[in-house]
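Participant: For reference, the file work_6.cif (mmCIF, C-alpha atoms, pLDDT in the B column; chains and numbers go by the auth columns) is included below:
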```cif
data_target
#
loop_
_atom_site.group_PDB
_atom_site.id
_atom_site.type_symbol
_atom_site.label_atom_id
_atom_site.label_comp_id
_atom_site.label_asym_id
_atom_site.label_seq_id
_atom_site.Cartn_x
_atom_site.Cartn_y
_atom_site.Cartn_z
_atom_site.B_iso_or_equiv
_atom_site.auth_seq_id
_atom_site.auth_asym_id
ATOM 1 C CA MET A 1 193.843 -12.778 185.195 46.00 1 A
ATOM 2 C CA SER A 2 193.216 -9.104 184.532 63.00 2 A
ATOM 3 C CA GLU A 3 193.091 -6.547 187.326 75.00 3 A
ATOM 4 C CA ARG A 4 189.926 -4.684 188.278 74.00 4 A
ATOM 5 C CA CYS A 5 189.286 -1.311 189.884 74.00 5 A
ATOM 6 C CA PRO A 6 188.590 -1.751 193.628 68.00 6 A
ATOM 7 C CA VAL A 7 185.749 0.788 193.436 69.00 7 A
ATOM 8 C CA CYS A 8 183.752 0.047 190.267 72.00 8 A
ATOM 9 C CA SER A 9 185.203 -3.377 189.250 73.00 9 A
ATOM 10 C CA HIS A 10 185.970 -2.097 185.729 77.00 10 A
ATOM 11 C CA GLU A 11 188.878 -3.881 184.040 81.00 11 A
ATOM 12 C CA ILE A 12 192.132 -1.887 184.221 81.00 12 A
ATOM 13 C CA SER A 13 195.522 -2.371 182.618 81.00 13 A
ATOM 14 C CA PRO A 14 198.723 -2.575 184.702 77.00 14 A
ATOM 15 C CA ASN A 15 199.858 0.783 183.235 80.00 15 A
ATOM 16 C CA ASP A 16 196.733 2.713 184.331 79.00 16 A
ATOM 17 C CA THR A 17 197.269 5.312 187.066 77.00 17 A
ATOM 18 C CA VAL A 18 193.530 6.021 187.341 78.00 18 A
ATOM 19 C CA CYS A 19 190.490 3.907 186.559 77.00 19 A
ATOM 20 C CA PRO A 20 189.231 4.883 183.073 78.00 20 A
ATOM 21 C CA THR A 21 185.602 4.430 184.225 78.00 21 A
ATOM 22 C CA CYS A 22 185.298 5.999 187.678 73.00 22 A
ATOM 23 C CA GLY A 23 188.528 7.998 187.931 74.00 23 A
ATOM 24 C CA PHE A 24 189.726 6.286 191.133 72.00 24 A
ATOM 25 C CA LYS A 25 193.449 6.923 191.607 71.00 25 A
ATOM 26 C CA LEU A 26 195.323 3.632 191.577 69.00 26 A
ATOM 27 C CA LEU A 27 198.242 3.900 193.975 62.00 27 A
ATOM 28 C CA GLY A 28 200.797 1.137 193.634 54.00 28 A
ATOM 29 C CA ALA A 29 199.473 -2.370 193.289 46.00 29 A
ATOM 30 C CA THR A 30 195.738 -2.993 193.290 42.00 30 A
ATOM 31 C CA GLN A 31 194.763 -5.732 195.701 46.00 31 A
ATOM 32 C CA ALA A 32 192.359 -8.365 194.478 47.00 32 A
ATOM 33 C CA MET A 33 189.360 -9.180 196.627 45.00 33 A
ATOM 34 C CA GLN A 34 187.414 -12.415 196.623 49.00 34 A
ATOM 35 C CA PRO A 35 183.754 -12.370 197.667 55.00 35 A
ATOM 36 C CA LEU A 36 182.783 -14.408 200.704 55.00 36 A
ATOM 37 C CA VAL A 37 180.784 -17.557 200.103 59.00 37 A
ATOM 38 C CA MET A 38 177.621 -17.210 202.117 57.00 38 A
ATOM 39 C CA SER A 39 175.346 -20.014 203.148 60.00 39 A
ATOM 40 C CA GLU A 40 171.792 -19.726 201.907 58.00 40 A
ATOM 41 C CA THR A 41 169.537 -17.728 204.167 54.00 41 A
ATOM 42 C CA PRO A 42 165.763 -17.479 204.034 51.00 42 A
ATOM 43 C CA ALA A 43 164.413 -14.561 202.030 51.00 43 A
ATOM 44 C CA ALA A 44 163.673 -11.474 204.075 48.00 44 A
ATOM 45 C CA THR A 45 160.065 -10.541 204.456 46.00 45 A
ATOM 46 C CA VAL A 46 159.087 -7.292 202.801 44.00 46 A
ATOM 47 C CA GLU A 47 157.097 -4.803 204.818 48.00 47 A
ATOM 48 C CA GLU A 48 154.110 -3.271 203.081 46.00 48 A
ATOM 49 C CA SER A 49 155.416 0.239 203.695 52.00 49 A
ATOM 50 C CA ALA A 50 158.878 -0.509 202.253 50.00 50 A
ATOM 51 C CA PRO A 51 159.607 1.244 198.948 57.00 51 A
ATOM 52 C CA ALA A 52 160.229 -0.679 195.780 64.00 52 A
ATOM 53 C CA ARG A 53 163.765 -1.467 194.768 85.00 53 A
ATOM 54 C CA ALA A 54 165.183 1.595 193.114 94.00 54 A
ATOM 55 C CA THR A 55 168.215 2.780 191.169 95.00 55 A
ATOM 56 C CA LEU A 56 170.166 5.961 190.652 95.00 56 A
ATOM 57 C CA ASN A 57 171.257 6.138 187.005 95.00 57 A
ATOM 58 C CA VAL A 58 174.079 8.544 186.140 94.00 58 A
ATOM 59 C CA VAL A 59 172.806 10.545 183.153 93.00 59 A
ATOM 60 C CA ARG A 60 175.397 13.336 183.123 90.00 60 A
ATOM 61 C CA GLY A 61 178.947 13.623 184.447 86.00 61 A
ATOM 62 C CA PRO A 62 182.065 11.443 184.601 85.00 62 A
ATOM 63 C CA GLN A 63 180.278 8.081 185.075 87.00 63 A
ATOM 64 C CA VAL A 64 177.420 8.307 182.531 91.00 64 A
ATOM 65 C CA GLY A 65 175.639 4.972 182.150 92.00 65 A
ATOM 66 C CA ILE A 66 176.468 3.577 185.591 93.00 66 A
ATOM 67 C CA SER A 67 173.573 2.576 187.866 94.00 67 A
ATOM 68 C CA PHE A 68 173.584 2.311 191.643 94.00 68 A
ATOM 69 C CA ALA A 69 171.015 0.013 193.262 93.00 69 A
ATOM 70 C CA LEU A 70 169.067 1.135 196.320 93.00 70 A
ATOM 71 C CA THR A 71 168.058 -1.941 198.275 89.00 71 A
ATOM 72 C CA GLY A 72 166.635 -0.492 201.463 87.00 72 A
ATOM 73 C CA GLU A 73 169.907 -0.162 203.355 92.00 73 A
ATOM 74 C CA PRO A 74 171.145 3.359 204.210 94.00 74 A
ATOM 75 C CA VAL A 75 173.360 4.762 201.441 96.00 75 A
ATOM 76 C CA THR A 76 176.163 7.298 201.734 97.00 76 A
ATOM 77 C CA ILE A 77 177.235 9.371 198.726 97.00 77 A
ATOM 78 C CA GLY A 78 180.532 11.201 198.459 95.00 78 A
ATOM 79 C CA ARG A 79 184.117 11.508 197.306 93.00 79 A
ATOM 80 C CA SER A 80 185.389 9.222 200.071 94.00 80 A
ATOM 81 C CA PRO A 81 186.061 5.672 198.831 93.00 81 A
ATOM 82 C CA GLN A 82 184.302 4.467 202.007 95.00 82 A
ATOM 83 C CA CYS A 83 180.961 5.850 200.758 95.00 83 A
ATOM 84 C CA THR A 84 178.418 3.406 199.386 95.00 84 A
ATOM 85 C CA ILE A 85 178.251 5.497 196.192 95.00 85 A
ATOM 86 C CA PHE A 86 181.741 6.781 195.416 94.00 86 A
ATOM 87 C CA LEU A 87 181.767 9.866 193.164 92.00 87 A
ATOM 88 C CA ASN A 88 185.409 10.763 192.526 89.00 88 A
ATOM 89 C CA ASP A 89 185.311 14.453 191.632 89.00 89 A
ATOM 90 C CA MET A 90 186.440 17.584 193.498 89.00 90 A
ATOM 91 C CA THR A 91 182.931 19.092 193.175 91.00 91 A
ATOM 92 C CA VAL A 92 181.662 16.339 195.505 93.00 92 A
ATOM 93 C CA SER A 93 182.265 16.562 199.266 93.00 93 A
ATOM 94 C CA ARG A 94 183.898 13.600 201.015 95.00 94 A
ATOM 95 C CA MET A 95 180.545 12.906 202.686 96.00 95 A
ATOM 96 C CA HIS A 96 178.026 14.682 200.494 96.00 96 A
ATOM 97 C CA ALA A 97 174.605 13.091 201.087 97.00 97 A
ATOM 98 C CA THR A 98 172.705 10.123 202.460 97.00 98 A
ATOM 99 C CA ILE A 99 169.676 8.206 201.214 97.00 99 A
ATOM 100 C CA GLU A 100 167.476 6.287 203.645 95.00 100 A
ATOM 101 C CA GLN A 101 164.027 4.717 203.728 93.00 101 A
ATOM 102 C CA GLU A 102 161.367 6.721 205.540 92.00 102 A
ATOM 103 C CA ASN A 103 157.615 6.173 205.567 89.00 103 A
ATOM 104 C CA GLY A 104 157.609 3.964 202.478 87.00 104 A
ATOM 105 C CA CYS A 105 159.914 6.051 200.285 92.00 105 A
ATOM 106 C CA TYR A 106 163.564 6.968 199.868 96.00 106 A
ATOM 107 C CA VAL A 107 164.696 10.318 201.274 97.00 107 A
ATOM 108 C CA ILE A 108 167.914 12.076 200.216 97.00 108 A
ATOM 109 C CA ARG A 109 169.602 14.360 202.774 97.00 109 A
ATOM 110 C CA ASP A 110 172.431 16.826 202.315 96.00 110 A
ATOM 111 C CA ALA A 111 175.277 15.956 204.714 96.00 111 A
ATOM 112 C CA ASN A 112 176.371 19.594 205.079 93.00 112 A
ATOM 113 C CA SER A 113 178.137 19.441 201.706 92.00 113 A
ATOM 114 C CA PHE A 114 179.934 22.390 200.147 90.00 114 A
ATOM 115 C CA ASN A 115 178.005 22.452 196.828 91.00 115 A
ATOM 116 C CA GLY A 116 174.696 21.152 198.170 93.00 116 A
ATOM 117 C CA VAL A 117 172.205 18.604 196.880 95.00 117 A
ATOM 118 C CA TRP A 118 169.826 19.586 194.095 95.00 118 A
ATOM 119 C CA VAL A 119 166.647 17.700 193.191 95.00 119 A
ATOM 120 C CA ASN A 120 164.919 18.816 189.989 94.00 120 A
ATOM 121 C CA ASN A 121 166.961 22.073 190.081 91.00 121 A
ATOM 122 C CA ASP A 122 165.893 22.884 193.669 93.00 122 A
ATOM 123 C CA SER A 123 168.522 23.084 196.402 93.00 123 A
ATOM 124 C CA VAL A 124 167.328 20.768 199.196 95.00 124 A
ATOM 125 C CA GLU A 125 168.287 19.816 202.727 96.00 125 A
ATOM 126 C CA ALA A 126 166.051 16.730 202.524 96.00 126 A
ATOM 127 C CA ARG A 127 163.573 15.495 199.931 97.00 127 A
ATOM 128 C CA ALA A 128 161.466 12.364 199.399 96.00 128 A
ATOM 129 C CA LEU A 129 162.403 10.954 195.990 96.00 129 A
ATOM 130 C CA ARG A 130 159.852 10.168 193.288 96.00 130 A
ATOM 131 C CA PRO A 131 160.432 8.217 190.064 95.00 131 A
ATOM 132 C CA GLY A 132 161.951 10.460 187.409 95.00 132 A
ATOM 133 C CA ASP A 133 163.570 12.909 189.871 96.00 133 A
ATOM 134 C CA PHE A 134 166.942 14.297 188.789 96.00 134 A
ATOM 135 C CA ILE A 135 169.549 14.544 191.554 96.00 135 A
ATOM 136 C CA GLN A 136 172.542 16.831 191.047 95.00 136 A
ATOM 137 C CA ILE A 137 175.589 16.199 193.229 95.00 137 A
ATOM 138 C CA GLY A 138 178.610 18.155 192.035 92.00 138 A
ATOM 139 C CA THR A 139 179.116 17.436 188.323 91.00 139 A
ATOM 140 C CA PHE A 140 177.067 14.229 188.577 93.00 140 A
ATOM 141 C CA CYS A 141 173.417 14.161 187.539 94.00 141 A
ATOM 142 C CA MET A 142 171.507 11.007 188.462 95.00 142 A
ATOM 143 C CA GLN A 143 167.929 10.010 187.751 96.00 143 A
ATOM 144 C CA TYR A 144 165.975 8.168 190.434 97.00 144 A
ATOM 145 C CA GLU A 145 163.883 5.237 189.150 95.00 145 A
ATOM 146 C CA GLU A 146 161.897 2.540 190.940 92.00 146 A
ATOM 147 C CA ASN A 147 162.023 -1.036 189.590 83.00 147 A
#
```
For this file, write the structure as structure tokens.

Facilitator:
Amino acid sequence: MSERCPVCSHEISPNDTVCPTCGFKLLGATQAMQPLVMSETPAATVEESAPARATLNVVRGPQVGISFALTGEPVTIGRSPQCTIFLNDMTVSRMHATIEQENGCYVIRDANSFNGVWVNNDSVEARALRPGDFIQIGTFCMQYEEN
């Protein structure tokens, strides 16, 4: 069985000191994690005002090609491995931004980060996201798309 990065689940070799995909520093042994087996639950009802499922696609920076799904739950973005979207780069604050549903759309908010949050080259404190928006967080550029 090969080992996987605990952050992005990319396959890693035993000699790797950092994940070749996300850059997570591998300290000592990587612990394997098994997903919980959940019993089937009825499908959640979707409110009319809820936004469509959406993704953030990394189009520039260290993780080009990776997509992060937005499913309606609050999302944290930052350099801390505890963030929902972990961006391992010194240009990203530990807790850089949040994305939450509001009034039928997703809203990104700067979490008092050092380098700020930029949407379509505008520095923002908070902004409702629209399909095609480009979000710059540190060296990462992500495009917001609705599915």

Participant: Figure out the distance between atom CA of Phe24 of chain A and atom CA of Tyr144 of chain A, please, to one decimal in Å.

Facilitator: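 One can read the atom CA of Tyr144 of chain A to atom CA of Phe24 of chain A distance as 23.8 Å.
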
Participant: Name the closest residue to Pro81 of chain A among the candidates A:Cys141, A:Cys5, A:Cys105, A:Val59; distances are taken between atoms, counting only C-alpha atoms.

Facilitator: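 Closest residue, counting only C-alpha atoms: A:Cys5.
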
Participant: Could you state which residues are captured by the PyMOL selection byres ((chain A and resi 56) around 7) in this file, as a short mmCIF file (atom, residue, chain, number, x, y, z; two decimals) with C-alpha atoms, keeping the file's coordinate frame?

Facilitator:
```
data_model
loop_
_atom_site.label_atom_id
_atom_site.label_comp_id
_atom_site.auth_asym_id
_atom_site.auth_seq_id
_atom_site.Cartn_x
_atom_site.Cartn_y
_atom_site.Cartn_z
CA THR A 55 168.22 2.78 191.17
CA ASN A 57 171.26 6.14 187.00
CA VAL A 58 174.08 8.54 186.14
CA SER A 67 173.57 2.58 187.87
CA PHE A 68 173.58 2.31 191.64
CA ALA A 69 171.02 0.01 193.26
CA MET A 142 171.51 11.01 188.46
CA GLN A 143 167.93 10.01 187.75
CA TYR A 144 165.98 8.17 190.43
CA GLU A 145 163.88 5.24 189.15
#
```

Participant: Smallest atom-to-atom distance to Cys8 of chain A: which of A:Asn120, A:Arg79, A:Val64, A:Ile85, using all atoms listed in the file?

Facilitator: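 Ranked by minimum distance to Cys8 of chain A, first place goes to A:Ile85.
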
Participant: So what does the PyMOL selection byres ((chain A and resi 21) around 8) actually pick up in this one, as a VMD selection string?

Facilitator: chain A and resid 8 10 19 to 20 22 to 23 62 to 63

Participant: Generate the output file for the selected residues, C-alpha atoms, as a PDB file, in the frame of the given file.

Facilitator:
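Below you can see again17.pdb, which holds the result:
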```
ATOM      1  CA  CYS A   8     183.752   0.047 190.267  1.00 72.00           C
ATOM      2  CA  HIS A  10     185.970  -2.097 185.729  1.00 77.00           C
ATOM      3  CA  CYS A  19     190.490   3.907 186.559  1.00 77.00           C
ATOM      4  CA  PRO A  20     189.231   4.883 183.073  1.00 78.00           C
ATOM      5  CA  CYS A  22     185.298   5.999 187.678  1.00 73.00           C
ATOM      6  CA  GLY A  23     188.528   7.998 187.931  1.00 74.00           C
ATOM      7  CA  PRO A  62     182.065  11.443 184.601  1.00 85.00           C
ATOM      8  CA  GLN A  63     180.278   8.081 185.075  1.00 87.00           C
TER       9      GLN A  63
END
```

Participant: In Å to one decimal, how far is atom CA of Gly132 of chain A from atom CA of Pro74 of chain A?

Facilitator: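 For atom CA of Pro74 of chain A relative to atom CA of Gly132 of chain A, the distance reads 20.4 Å.
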
Participant: Need the axis-aligned box for segment 129-147 of chain A with 8 Å each side, so what are the centre and edges in Å to one decimal, as lines of an AutoDock Vina configuration file?

Facilitator:
```
center_x = 169.5
center_y = 8.6
center_z = 191.7
size_x = 35.3
size_y = 35.2
size_z = 24.6
```

Participant: Kindly give the distance, in Å, that separates atom CA of Ala97 of chain A and atom CA of Glu11 of chain A, rounded to a single decimal.

Facilitator: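 Value for the atom CA of Ala97 of chain A-atom CA of Glu11 of chain A distance: 28.0 Å.
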
Participant: Could you check which residues have any atom within 12 Å of (174.8, 10.1, 203.5), counting only C-alpha atoms with coordinates taken straight from the file, and then list them as a PyMOL selection string?

Facilitator: chain A and resi 73-80+82-86+93-100+107-113+117+125-126+137

Participant: Could you check which of A:Glu3, A:Leu129, A:Asp16, A:Val92 is closest to Leu70 of chain A, using all atoms listed in the file?

Facilitator: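 The shortest atom-to-atom distance to Leu70 of chain A comes from A:Leu129.
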
Participant: What's the 9 Å shell around Thr139 of chain A, counting only C-alpha atoms, without same-chain residues fewer than 5 positions away, as a list in words?

Facilitator: Arg60, Gly61, Pro62, Asp89, Met90, Thr91 and Val92 of chain A

Participant: Would you please work out which residue, of A:Ser9, A:Thr17, A:Ser123, A:Arg4, is nearest to Ile66 of chain A when using all atoms listed in the file?

Facilitator: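 For Ile66 of chain A, the nearest of the candidates is A:Ser9.
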
Participant: Which one of A:Val18, A:Phe134, A:Gly65, A:Ala128 sits closest to Gly104 of chain A if you count all atoms listed in the file?

Facilitator: A:Ala128
